[in-house]
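Trainee: Got a structure for you, written out below as structure tokens; questions coming shortly.
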Amino acid sequence: MTDPRTAPAGTDVDAAPVLATAAANAPSAQAGAGRRSFLPRSTLLRHLILLVVGAVLAVALLELTDPFTNSQLAQVAYYAIAAGGLTVLTGLNGQISLGHGALMAVGAYTTALFLQADEPWPLPLIFLVSIAVTAVVGAIVGVAAARLHGPYLAGATLALAVGLPGLALYFRDTLGGEQGLRVRAPRPPDWFREAISTLSGGSGSTTKWLAYVGAFWLLIAFFLLANLARSRIGRTWRAVRDQEVAAELAGISLAPWRVLAFVVSAACAGLGGAVLAVVVRLAAPSAFTLVLSLALLTAIVIGGLGSLFGALIGSAILVFLPPWVTDLGTSAGLNGTKAAQLAPFVYGAVLVLAMIFAPAGIVGTLRLRLLGLRARRAARAGGG
Amino acid sequence: MAEPHGSTALSASERTAVLEVRDLTSSYGPVRALDGVTLRAETGRITAVLGANGAGKTTLLRTISGLVRCERGQVLLDGEDITRAPVESMVTKGMAHVPEGRGVIAELTVEENLRVGALFRGKVGREEFDRVYDLFPRLTERRGQPAHVLSGGERQMLVIGRALLARPRILLLDEPSLGLAPRIVAQIFGLVRRLVDAEGLSVLLVEQNARSALTVADTGIVLNLGRVVAAEDARTLLADEGLRHAYLGF
Amino acid sequence: MRQFVNVTLNGLTQGMIFAAFALALVLIWRSTRIVNFAQGAMAAATSFIALALIHSGQSYWVALVVALASGFVLGAVVERVVIRPVEGGPELNAVIVTLGLFVAIEALIAIIAGSSFQSFPAPFGLEGFSVGDGRIALTPNGLFIIGSVLVTMLLLVGLFRFTRLGLAMRASAFGQEVARLLGVRVGRMLTLGWALAAVVGSLAGLLIAGGGLVHPAYMDSIIVYGFVAAVLGGLDSPIGSVVGGLILGLLLSYVSGYVPRGSGLVNLAALVILVVVLLVRPGGLFSSTTSRRA
């Protein structure tokens with residue numbers, strides 16, 4: 001990928017996701033410029049505070065909304081987990097993947113298989129196993145992907161997305177074929193029911209429990225990803241993305257870092273898939289088509305490549321937009337199935353328009369505006 | 001540091017300027033590459049544009065031919081304002097730019113490269129191609145071969161030949177001597193000189209190899225940091241040791 | 001023996017379609033360095049236009065011509081309006097744009113024509129020729145497929161090799177800046193490249209559709225196969241895309257024919273082939289190490 005900062009005159013520098021990603025990942029000006037700030041300087045501490053705030057917000061959100069919205073929020077959670085990993089892969093490390101839907105399938109099927117046992121292991125353990133399995137698959141794919149760029153990488157991961165679900169059909173007996181595997185969703189434990197009734201007087205239904213499960217793992221995943229992004233690893237990922245030649249000259253061997261990024265994003269996809277399996281209570285090939293991978297891509301592009309918050313926003317849009325758009329369609333006279341197609345149409349159109357007009361996504365564009373504003377203010381203050 | 005000299009000492013009334021550049025300014029992002037450049041290239045003369053790396057020479061040619069948009073200033077070709085004219089129209093107006101790096105299209109054959117030069121003209125007679133092959137016998141042998149097998153000197157001949165097929169009034173040459181042995185450089189410069197003398201072709205020659213360029217040029221214009229610091233008759237420049245040491249490296 | 005012949009013939013016929021699609025991808029790659037992931041959806045759109053004409057009483061051949069013409073227009077419009085803003089920028093942008101187009105066009109087809117499977121007529125018979133005491137897996141329609149792709153290829157070779165327009169297109173593809181300096185209207189050449197590629201893509205879409213069922217997503221697998229075929233032959237080589245298509249067609253046919261329950265593994269087989277090629281010989285079979293810097 002070309003570095004827009006050294007692009008010749010006439011290039012619309014704003015149009016490059018690399019610069020936009022830089023904006024989206026800009027270390028908070030507070031930390032460097034010595035301005036007043038509300039958050040402590042230490043990254044870890046800052047993230048811990050955000051984690052607690054996020055937890056409180058999640059609880060409030062889940063308690064204040066009805067069960068249907070709870071299940072929608074659970075959907076947002078599992079998309080966001082996968083999208084978070086993907087935005088780190090694509091935004092920080094510059095590798096595009098159209099195959100993360102297939103990786104979610106790996107996580108989902110693993111979870112489904114383990115939950116089939118009569119006395120299944122505790123859910124967190126099963127999730128960890130799903131993460132591990134998907135991470136291994138991610139490592140294999142990542143090794144092949146590390147040598148590929150741009151459209152070749154896109155094409156290869158596209159082939160993965162289209163090909164992997166076929167395995168479920170081939171191993172019909174274990175993996176349930178076209179119908180898939182039914183997932184026995186774990187019932188909410190007693191301590192949960194008590195906590196909910198104390199908190200809001202509501203009942204701790206399975207739906208709510210699963211939504212909490214999703215929120216919990218989302219917070220953990222984002223916390224870890226955020227720390228990773230700001231760490232030396234994250235910086236190396238960015239170096240590998242932006243300045244390949246310079247990184248190699250500095251002695252950084254590129255491939256292991258690419259594979260690592262892939263593994264991390266695969267682990268997230270696996271976790272997302274695991275949560276999906278318990279929330280949807282089914283792991284079937286039809287849930288993991290190419291459209292899923294493209295939906296994840298849409299989410300991170302809309303949100304802003306490299307931004308976790310953007311991944312969350314994008315996932316929320318992914319879940320809440322389709323029903324709204326479909327309703328618009330039916331009220332405009334389209335029949336049910338056709339109206340359902342309005343949502344993917346909007347995704348596609350948004351992707352195209354976003355790339356042409358706002359490649360930095362929501363978060364990125366806002367950051368760029370903010371940076372621009374700050375720069376102008378500083379210039380004025382400096383008497384420039 | 002030498003003061004910018006006044007306009008050229010040649011009697012301007014005798015010769016017309018095929019190309020005139022007035023107060024040309026263009027930037028790469030925050031970097032000002034050309035800062036109010038004014039110069040003339042006279043008809044039937046070789047005007048050399050010299051200066052150190054980064055002085056703005058290549059940017060000057062690219063701005064003249066339209067590849068780079070200027071922020072301010074004018075470019076006049078035989079009196080016609082071509083400042084905002086699209087790049088593709090330049091050859092039709094009689095300006096052929098041989099870019100930095102030569103611009104050989106490696107995937108096409110030698111013959112096909114030449115044909116690209118004549119594309120905009122429509123049907124071009126075989127004699128014109130033959131004439132180019134006569135000028136550059138080395139190319140004849142390599143007619144059907146893909147251009148990437150050519151040596152540096154052969155590539156330079158190819159792109160000059162290709163530009164000639166566009167029948168230009170003025171030829172913009174960007175660092176033709178780059179990477180070439182002195183013998184070949186002399187050959188190519190000699191050929192350019194002959195074309196100018198025999199056919200009245202005008203040439204704007206950008207060169208880092210100032211010494212060689214000045215032996216074949218009529219006028220020398222020295223750029224430094226995007227500004228013109230000298231515009232003199234070539235012999236005068238060669239004799240001016242102070243200027244040479246300051247800007248031209250010899 | 002008979003099975004081998006049939007599987008091979010089937011592979012060749014399929015391979016020709018992959019070749020056509022790969023050719024479309026290569027045409028666009030050569031001119032704009034973009035892989036058009038939306039090519040399949042664009043082809044599907046023109047097939048549905050053809051279907052609509054056929055349903056309203058037109059003959060197959062009229063529908064074919066209209067489909068190809070609308071493909072031309074669609075390709076030109078897409079390049080000019082959607083792709084031009086992202087050409088020359090980071091490749092990630094262009095990939096995302098074509099993916100967005102892919103999703104949007106398919107959804108649009110579903111909205112206009114519905115998602116159900118519809119049958120598409122074939123211009124020629126679908127019964128295998130009888131040889132000896134049985135039939136072989138080569139049908140008159142199959143001959144039409146092979147023939148039309150070959151003719152298209154020859155026309156394209158003729159265009160690029162022997163015409164001034166073709167030279168201008170190649171110059172625009174390989175030396176954009178220099179071509180501009182020499183007066184070539186590079187923008188128009190790029191648009192033309194996309195338009196021609198879309199015509200070839202439309203042809204591939206029609207050839208697949210003939211005698212089978214179409215639905216908005218019917219070209220989805222072909223994108224993968226076409227891409228693999230193009231990579232196999234070398235993204236820069238039109239001849240390579242044809243050879244790649246044939247090889248891929250044959251390989252997949254053998255997998256489907258000889259591996260038990262192999263038809264489910266065909267997509268995975270394509271993936272494996274792709275990965276092997278990209279790791280072993282990323283330039284494809286016909287990669288030429290042309291230095292692009294003069």
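Naming works like this for the structure tokens: A, B, ... for the chains as they're shown, residue 1 at the start of each chain, ligands 1 onward in shown order.
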Could the residues of segment 45-109 of chain B that have an atom at most 12 Å from segment 24-31 of chain B be listed as CSV, each with its closest atom pair and the distance in Å to one decimal, counting only C-alpha atoms and ordered by chain and ascending residue number?
Mentor:
residue,atom,partner,partner_atom,distance
B:Gly54,CA,B:Val31,CA,10.9
B:Ala55,CA,B:Val31,CA,11.8
B:Gly56,CA,B:Ser26,CA,9.7
B:Lys57,CA,B:Ser26,CA,12.0
B:Thr58,CA,B:Ser26,CA,11.9
B:Thr59,CA,B:Ser26,CA,8.1
B:Leu60,CA,B:Leu24,CA,8.3
B:Leu61,CA,B:Leu24,CA,11.1
B:Arg62,CA,B:Ser26,CA,10.2
B:Thr63,CA,B:Ser26,CA,7.5
B:Ile64,CA,B:Leu24,CA,8.9
B:Gly66,CA,B:Ser26,CA,11.2
B:Leu67,CA,B:Ser26,CA,11.3
B:Val68,CA,B:Ser26,CA,7.7
B:Arg69,CA,B:Ser26,CA,6.8
B:Cys70,CA,B:Ser26,CA,4.5
B:Glu71,CA,B:Ser26,CA,5.3
B:Arg72,CA,B:Thr25,CA,5.1
B:Gly73,CA,B:Leu24,CA,4.2
B:Gln74,CA,B:Leu24,CA,6.2
B:Val75,CA,B:Leu24,CA,7.7
B:Leu76,CA,B:Leu24,CA,11.2
B:Thr83,CA,B:Leu24,CA,9.5
Trainee: Please dump the current selection as a PDB file, in the first residue's frame; keep C-alpha atoms.
Mentor:
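Once written, part23.pdb looks like this:
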ATOM      1  CA  GLY B  54      15.850  18.661  -5.564  1.00  0.00           C
ATOM      2  CA  ALA B  55      16.272  22.056  -7.165  1.00  0.00           C
ATOM      3  CA  GLY B  56      12.951  21.655  -8.919  1.00  0.00           C
ATOM      4  CA  LYS B  57      14.076  20.783 -12.424  1.00  0.00           C
ATOM      5  CA  THR B  58      11.907  17.726 -12.885  1.00  0.00           C
ATOM      6  CA  THR B  59       8.976  19.450 -11.226  1.00  0.00           C
ATOM      7  CA  LEU B  60       9.417  22.265 -13.707  1.00  0.00           C
ATOM      8  CA  LEU B  61       9.012  19.968 -16.690  1.00  0.00           C
ATOM      9  CA  ARG B  62       6.130  18.119 -15.090  1.00  0.00           C
ATOM     10  CA  THR B  63       4.352  21.362 -14.350  1.00  0.00           C
ATOM     11  CA  ILE B  64       4.919  22.645 -17.868  1.00  0.00           C
ATOM     12  CA  GLY B  66       0.593  19.467 -16.991  1.00  0.00           C
ATOM     13  CA  LEU B  67       1.304  16.368 -14.944  1.00  0.00           C
ATOM     14  CA  VAL B  68       1.545  18.608 -11.921  1.00  0.00           C
ATOM     15  CA  ARG B  69      -0.911  21.387 -11.322  1.00  0.00           C
ATOM     16  CA  CYS B  70       0.643  24.769 -10.654  1.00  0.00           C
ATOM     17  CA  GLU B  71      -0.758  27.067  -8.014  1.00  0.00           C
ATOM     18  CA  ARG B  72       0.235  30.217  -9.758  1.00  0.00           C
ATOM     19  CA  GLY B  73       1.818  31.310 -12.966  1.00  0.00           C
ATOM     20  CA  GLN B  74       1.555  30.813 -16.682  1.00  0.00           C
ATOM     21  CA  VAL B  75       2.952  28.591 -19.361  1.00  0.00           C
ATOM     22  CA  LEU B  76       2.872  29.886 -22.918  1.00  0.00           C
ATOM     23  CA  THR B  83      -1.250  26.521 -18.252  1.00  0.00           C
TER      24      THR B  83
END
Trainee: Return as a short mmCIF file (atom, residue, chain, number, x, y, z; two decimals) with C-alpha atoms, in the first residue's frame the residues belonging to chain A that are within 8 Å of chain C, counting only C-alpha atoms.
Mentor:
data_model
loop_
_atom_site.label_atom_id
_atom_site.label_comp_id
_atom_site.auth_asym_id
_atom_site.auth_seq_id
_atom_site.Cartn_x
_atom_site.Cartn_y
_atom_site.Cartn_z
CA MET A 1 0.00 0.00 0.00
CA THR A 2 1.32 3.42 -0.85
CA ALA A 15 -8.86 9.44 0.67
CA ALA A 16 -6.35 7.00 2.05
CA PRO A 17 -7.34 4.64 4.79
CA ILE A 96 -7.73 -7.72 4.27
CA ALA A 144 -0.38 -18.74 3.76
CA ARG A 147 2.91 -13.78 1.76
CA LEU A 148 -0.09 -12.33 -0.03
CA GLY A 150 -4.17 -6.79 -1.57
CA PRO A 151 -6.38 -8.49 -4.12
CA ALA A 154 -8.76 -10.88 -0.73
CA GLY A 155 -9.25 -13.57 -3.34
CA ALA A 156 -7.64 -16.28 -1.24
CA LEU A 158 -12.78 -15.22 -0.45
CA ALA A 159 -12.08 -18.76 -1.57
CA LEU A 160 -11.82 -19.73 2.10
CA VAL A 162 -16.84 -19.95 0.04
CA GLY A 163 -15.06 -23.25 0.55
CA LEU A 164 -14.97 -23.88 4.27
CA GLY A 166 -18.54 -27.09 2.36
CA LEU A 167 -16.71 -29.09 5.01
CA LEU A 169 -21.64 -30.75 4.23
CA TYR A 170 -18.88 -33.23 3.56
CA VAL A 291 -22.45 -12.35 3.18
CA LEU A 294 -18.77 -9.03 3.83
CA THR A 337 -38.31 -11.38 0.82
CA LYS A 338 -37.56 -8.50 -1.46
CA ALA A 339 -37.66 -6.02 1.39
CA GLN A 341 -32.75 -7.60 0.37
CA LEU A 342 -32.81 -3.87 0.97
CA PRO A 344 -27.60 -5.90 1.85
CA PHE A 345 -28.22 -3.34 -0.86
CA VAL A 346 -27.69 -0.61 1.67
CA TYR A 347 -24.52 -2.31 2.95
CA GLY A 348 -23.09 -2.51 -0.52
CA ALA A 349 -24.04 1.04 -1.40
CA VAL A 350 -22.62 2.29 1.89
CA LEU A 351 -19.35 0.46 1.29
CA VAL A 352 -19.00 2.03 -2.14
CA MET A 355 -14.72 4.38 0.05
CA ILE A 356 -15.32 7.21 -2.36
CA PRO A 359 -12.73 6.12 3.52
#
Trainee: Could you give me, as a Markdown table, every chain B residue with an atom at most 10 Å from chain C, plus its closest atom pair and distance in Å to one decimal, counting only C-alpha atoms, rows ordered by chain then number?
Mentor:
| residue | atom | partner | partner_atom | distance |
| --- | --- | --- | --- | --- |
| B:Arg62 | CA | C:Leu181 | CA | 10.0 |
| B:Ser65 | CA | C:Leu181 | CA | 7.6 |
| B:Gly66 | CA | C:Leu181 | CA | 8.9 |
| B:Leu67 | CA | C:Glu177 | CA | 8.2 |
| B:Pro86 | CA | C:Arg180 | CA | 9.2 |
| B:Val87 | CA | C:Leu181 | CA | 6.1 |
| B:Glu88 | CA | C:Gly183 | CA | 4.2 |
| B:Ser89 | CA | C:Gly183 | CA | 6.0 |
| B:Met90 | CA | C:Gly183 | CA | 6.9 |
| B:Val91 | CA | C:Gly183 | CA | 5.7 |
| B:Thr92 | CA | C:Gly183 | CA | 7.1 |
| B:Lys93 | CA | C:Gly183 | CA | 10.0 |
| B:Met95 | CA | C:Leu181 | CA | 9.0 |
| B:Ala96 | CA | C:Leu182 | CA | 7.0 |
| B:His97 | CA | C:Leu181 | CA | 6.4 |
| B:Val98 | CA | C:Val178 | CA | 8.0 |
| B:Pro99 | CA | C:Val178 | CA | 7.5 |
| B:Glu100 | CA | C:Ala294 | CA | 9.7 |
| B:Gly101 | CA | C:Ala294 | CA | 6.2 |
| B:Arg102 | CA | C:Ala294 | CA | 6.2 |
| B:Gly103 | CA | C:Ala294 | CA | 5.8 |
| B:Val104 | CA | C:Ala294 | CA | 5.1 |
| B:Ile105 | CA | C:Gly175 | CA | 5.6 |
| B:Ala106 | CA | C:Arg292 | CA | 5.8 |
| B:Glu107 | CA | C:Thr290 | CA | 6.7 |
| B:Leu108 | CA | C:Ala171 | CA | 7.8 |
| B:Glu112 | CA | C:Leu167 | CA | 7.6 |
| B:Asn113 | CA | C:Ala171 | CA | 8.3 |
| B:Arg115 | CA | C:Leu167 | CA | 8.3 |
| B:Val116 | CA | C:Ala168 | CA | 7.0 |
| B:Gly117 | CA | C:Leu182 | CA | 5.8 |
| B:Ala118 | CA | C:Leu182 | CA | 8.0 |
| B:Leu119 | CA | C:Arg164 | CA | 7.1 |
| B:Phe120 | CA | C:Gly183 | CA | 5.7 |
| B:Arg121 | CA | C:Gly183 | CA | 9.0 |
| B:Gly122 | CA | C:Arg164 | CA | 8.8 |
| B:Lys123 | CA | C:Arg164 | CA | 9.5 |
| B:Pro146 | CA | C:Thr290 | CA | 9.0 |
| B:Ala147 | CA | C:Ala294 | CA | 8.5 |
| B:His148 | CA | C:Ser291 | CA | 6.4 |
| B:Val149 | CA | C:Thr290 | CA | 9.0 |
| B:Leu150 | CA | C:Ala294 | CA | 9.1 |
| B:Ser151 | CA | C:Ala294 | CA | 9.6 |
| B:Gly152 | CA | C:Ala294 | CA | 8.3 |
| B:Arg155 | CA | C:Ala294 | CA | 7.6 |
| B:Gln156 | CA | C:Ala294 | CA | 9.5 |
| B:Arg162 | CA | C:Leu182 | CA | 9.0 |
| B:Ala163 | CA | C:Leu182 | CA | 7.8 |
| B:Leu165 | CA | C:Leu182 | CA | 9.9 |
| B:Ala166 | CA | C:Leu182 | CA | 7.5 |
Trainee: I need the residues from that last selection saved to file as a tab-separated table (two decimals), in the first residue's frame (with N, CA and C atoms), if you can.
Mentor:
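Here's the written file part00.tsv:
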chain	number	residue	atom	x	y	z
B	62	ARG	N	7.42	18.75	-15.34
B	62	ARG	CA	6.13	18.12	-15.09
B	62	ARG	C	5.02	19.15	-14.95
B	65	SER	N	4.28	20.41	-18.60
B	65	SER	CA	3.49	19.51	-19.43
B	65	SER	C	2.15	19.16	-18.79
B	66	GLY	N	1.93	19.62	-17.57
B	66	GLY	CA	0.59	19.47	-16.99
B	66	GLY	C	0.41	18.29	-16.06
B	67	LEU	N	1.44	17.50	-15.85
B	67	LEU	CA	1.30	16.37	-14.94
B	67	LEU	C	1.12	16.85	-13.51
B	86	PRO	N	-5.10	20.20	-20.62
B	86	PRO	CA	-4.90	18.82	-20.16
B	86	PRO	C	-3.64	18.22	-20.74
B	87	VAL	N	-3.08	17.29	-19.97
B	87	VAL	CA	-1.83	16.66	-20.36
B	87	VAL	C	-1.92	16.07	-21.77
B	88	GLU	N	-3.04	15.41	-22.05
B	88	GLU	CA	-3.17	14.69	-23.32
B	88	GLU	C	-3.14	15.62	-24.52
B	89	SER	N	-3.39	16.90	-24.31
B	89	SER	CA	-3.46	17.81	-25.46
B	89	SER	C	-2.10	18.38	-25.81
B	90	MET	N	-1.11	18.14	-24.96
B	90	MET	CA	0.19	18.78	-25.17
B	90	MET	C	0.86	18.36	-26.47
B	91	VAL	N	0.80	17.07	-26.78
B	91	VAL	CA	1.45	16.65	-28.02
B	91	VAL	C	0.77	17.26	-29.23
B	92	THR	N	-0.55	17.40	-29.17
B	92	THR	CA	-1.23	18.00	-30.32
B	92	THR	C	-0.81	19.45	-30.50
B	93	LYS	N	-0.43	20.08	-29.41
B	93	LYS	CA	0.02	21.46	-29.52
B	93	LYS	C	1.51	21.54	-29.89
B	95	MET	N	4.18	19.87	-28.10
B	95	MET	CA	5.14	19.71	-27.02
B	95	MET	C	5.24	18.24	-26.64
B	96	ALA	N	6.45	17.69	-26.75
B	96	ALA	CA	6.66	16.29	-26.37
B	96	ALA	C	7.57	16.24	-25.16
B	97	HIS	N	7.13	15.56	-24.13
B	97	HIS	CA	7.87	15.48	-22.87
B	97	HIS	C	8.38	14.06	-22.70
B	98	VAL	N	9.71	13.93	-22.65
B	98	VAL	CA	10.30	12.63	-22.34
B	98	VAL	C	10.61	12.63	-20.86
B	99	PRO	N	9.87	11.88	-20.07
B	99	PRO	CA	9.94	12.06	-18.62
B	99	PRO	C	11.20	11.50	-17.99
B	100	GLU	N	11.35	11.81	-16.73
B	100	GLU	CA	12.44	11.25	-15.93
B	100	GLU	C	12.29	9.74	-15.91
B	101	GLY	N	13.38	9.02	-16.03
B	101	GLY	CA	13.27	7.58	-16.07
B	101	GLY	C	13.00	7.06	-17.46
B	102	ARG	N	12.91	7.93	-18.40
B	102	ARG	CA	12.79	7.60	-19.82
B	102	ARG	C	11.37	7.24	-20.23
B	103	GLY	N	10.63	6.48	-19.46
B	103	GLY	CA	9.26	6.17	-19.84
B	103	GLY	C	9.14	5.15	-20.96
B	104	VAL	N	10.09	4.27	-21.05
B	104	VAL	CA	9.94	3.17	-22.01
B	104	VAL	C	8.83	2.27	-21.50
B	105	ILE	N	7.94	1.87	-22.38
B	105	ILE	CA	6.89	0.94	-21.98
B	105	ILE	C	7.44	-0.46	-22.18
B	106	ALA	N	7.88	-1.04	-21.07
B	106	ALA	CA	8.68	-2.26	-21.14
B	106	ALA	C	7.96	-3.44	-21.77
B	107	GLU	N	6.64	-3.50	-21.59
B	107	GLU	CA	5.90	-4.66	-22.08
B	107	GLU	C	5.66	-4.62	-23.58
B	108	LEU	N	5.84	-3.44	-24.19
B	108	LEU	CA	5.62	-3.33	-25.63
B	108	LEU	C	6.95	-3.49	-26.35
B	112	GLU	N	6.41	-1.10	-31.27
B	112	GLU	CA	5.14	-0.66	-30.68
B	112	GLU	C	5.33	0.61	-29.87
B	113	ASN	N	6.44	0.72	-29.17
B	113	ASN	CA	6.72	1.94	-28.44
B	113	ASN	C	6.73	3.13	-29.39
B	115	ARG	N	5.26	3.34	-32.24
B	115	ARG	CA	3.91	3.59	-32.75
B	115	ARG	C	3.07	4.37	-31.76
B	116	VAL	N	3.34	4.17	-30.47
B	116	VAL	CA	2.56	4.93	-29.48
B	116	VAL	C	2.81	6.41	-29.65
B	117	GLY	N	4.06	6.75	-30.01
B	117	GLY	CA	4.37	8.16	-30.20
B	117	GLY	C	3.54	8.80	-31.30
B	118	ALA	N	3.18	8.00	-32.30
B	118	ALA	CA	2.45	8.55	-33.44
B	118	ALA	C	0.95	8.32	-33.34
B	119	LEU	N	0.50	7.69	-32.26
B	119	LEU	CA	-0.92	7.33	-32.15
B	119	LEU	C	-1.86	8.51	-32.36
B	120	PHE	N	-1.53	9.63	-31.69
B	120	PHE	CA	-2.48	10.74	-31.71
B	120	PHE	C	-2.58	11.36	-33.09
B	121	ARG	N	-1.60	11.05	-33.95
B	121	ARG	CA	-1.60	11.69	-35.27
B	121	ARG	C	-2.44	10.95	-36.28
B	122	GLY	N	-2.91	9.76	-35.92
B	122	GLY	CA	-3.67	9.00	-36.92
B	122	GLY	C	-2.71	8.20	-37.78
B	123	LYS	N	-3.01	8.16	-39.04
B	123	LYS	CA	-2.17	7.36	-39.91
B	123	LYS	C	-0.83	8.05	-40.20
B	146	PRO	N	10.77	-7.05	-27.07
B	146	PRO	CA	10.15	-6.26	-26.01
B	146	PRO	C	11.15	-5.24	-25.47
B	147	ALA	N	10.66	-4.07	-25.14
B	147	ALA	CA	11.55	-2.96	-24.84
B	147	ALA	C	12.39	-3.18	-23.59
B	148	HIS	N	11.99	-4.12	-22.76
B	148	HIS	CA	12.76	-4.26	-21.52
B	148	HIS	C	14.13	-4.88	-21.73
B	149	VAL	N	14.39	-5.43	-22.95
B	149	VAL	CA	15.73	-5.99	-23.15
B	149	VAL	C	16.74	-4.92	-23.54
B	150	LEU	N	16.27	-3.69	-23.75
B	150	LEU	CA	17.17	-2.65	-24.21
B	150	LEU	C	18.08	-2.14	-23.11
B	151	SER	N	19.28	-1.74	-23.51
B	151	SER	CA	20.20	-1.13	-22.55
B	151	SER	C	19.75	0.30	-22.30
B	152	GLY	N	20.39	0.93	-21.32
B	152	GLY	CA	20.01	2.30	-20.97
B	152	GLY	C	20.12	3.25	-22.15
B	155	ARG	N	17.44	2.58	-24.67
B	155	ARG	CA	16.14	3.08	-24.22
B	155	ARG	C	16.03	4.58	-24.44
B	156	GLN	N	17.12	5.29	-24.16
B	156	GLN	CA	17.08	6.73	-24.36
B	156	GLN	C	16.85	7.06	-25.83
B	162	ARG	N	10.68	8.05	-30.24
B	162	ARG	CA	9.23	8.03	-30.05
B	162	ARG	C	8.69	9.44	-29.98
B	163	ALA	N	9.42	10.30	-29.26
B	163	ALA	CA	8.97	11.68	-29.15
B	163	ALA	C	9.04	12.38	-30.50
B	165	LEU	N	8.51	11.12	-33.32
B	165	LEU	CA	7.37	10.70	-34.15
B	165	LEU	C	6.13	11.52	-33.85
B	166	ALA	N	6.16	12.23	-32.73
B	166	ALA	CA	5.03	13.10	-32.42
B	166	ALA	C	5.18	14.44	-33.11
Trainee: Write out as a PyMOL selection string all residues of segment 117-235 of chain B that backbone DSSP assigns to strand (DSSP E).
Mentor: chain B and resi 170-174+202-207+219-224+227-233
Trainee: Hey, can you spit out that residue selection with C-alpha atoms as a compact mmCIF listing (two decimals), in the first residue's frame?
Mentor:
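Dumped everything to selection-v4.txt:
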# COMPACT_ATOMS: atom_id res chain seq x y z
CA ILE B 170 9.62 21.61 -28.56
CA LEU B 171 11.09 18.58 -26.88
CA LEU B 172 11.27 18.44 -23.09
CA LEU B 173 14.04 16.06 -22.08
CA ASP B 174 14.39 15.05 -18.45
CA SER B 202 13.63 23.47 -29.84
CA VAL B 203 14.76 21.59 -26.78
CA LEU B 204 14.33 22.21 -23.06
CA LEU B 205 16.92 19.98 -21.49
CA VAL B 206 16.92 19.20 -17.80
CA GLU B 207 20.22 17.83 -16.66
CA THR B 219 21.37 28.81 -22.98
CA GLY B 220 21.72 27.69 -19.40
CA ILE B 221 19.19 28.31 -16.65
CA VAL B 222 20.17 27.43 -13.11
CA LEU B 223 17.57 26.52 -10.52
CA ASN B 224 18.12 26.39 -6.81
CA ARG B 227 14.02 29.57 -7.98
CA VAL B 228 15.95 30.76 -10.99
CA VAL B 229 19.36 31.97 -9.87
CA ALA B 230 20.93 32.40 -13.26
CA ALA B 231 19.89 32.58 -16.90
CA GLU B 232 22.82 33.04 -19.22
CA ASP B 233 24.33 32.13 -22.46
Trainee: Taking the DSSP assignment computed from this structure's backbone, write out as a PyMOL selection string all residues of segment 74-274 of chain C that belong to helix (DSSP H, G or I).
Mentor: chain C and resi 74-86+91-113+140-162+164-174+176-181+186-209+220-233+238-258+262-274
Trainee: If you count only C-alpha atoms, which residues fall within 9 Å of Asp218 of chain B, apart from same-chain ones fewer than 5 positions away, as a ChimeraX atom specification?
Mentor: /B:45-48,232-235
Trainee: Calculated over only C-alpha atoms, which of the candidates B:Ala239, B:Leu180, B:Leu225, B:Val132 has the smallest distance to Leu195 of chain B?
Mentor: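 Once distances to Leu195 of chain B are computed over only C-alpha atoms, the minimum belongs to B:Val132.
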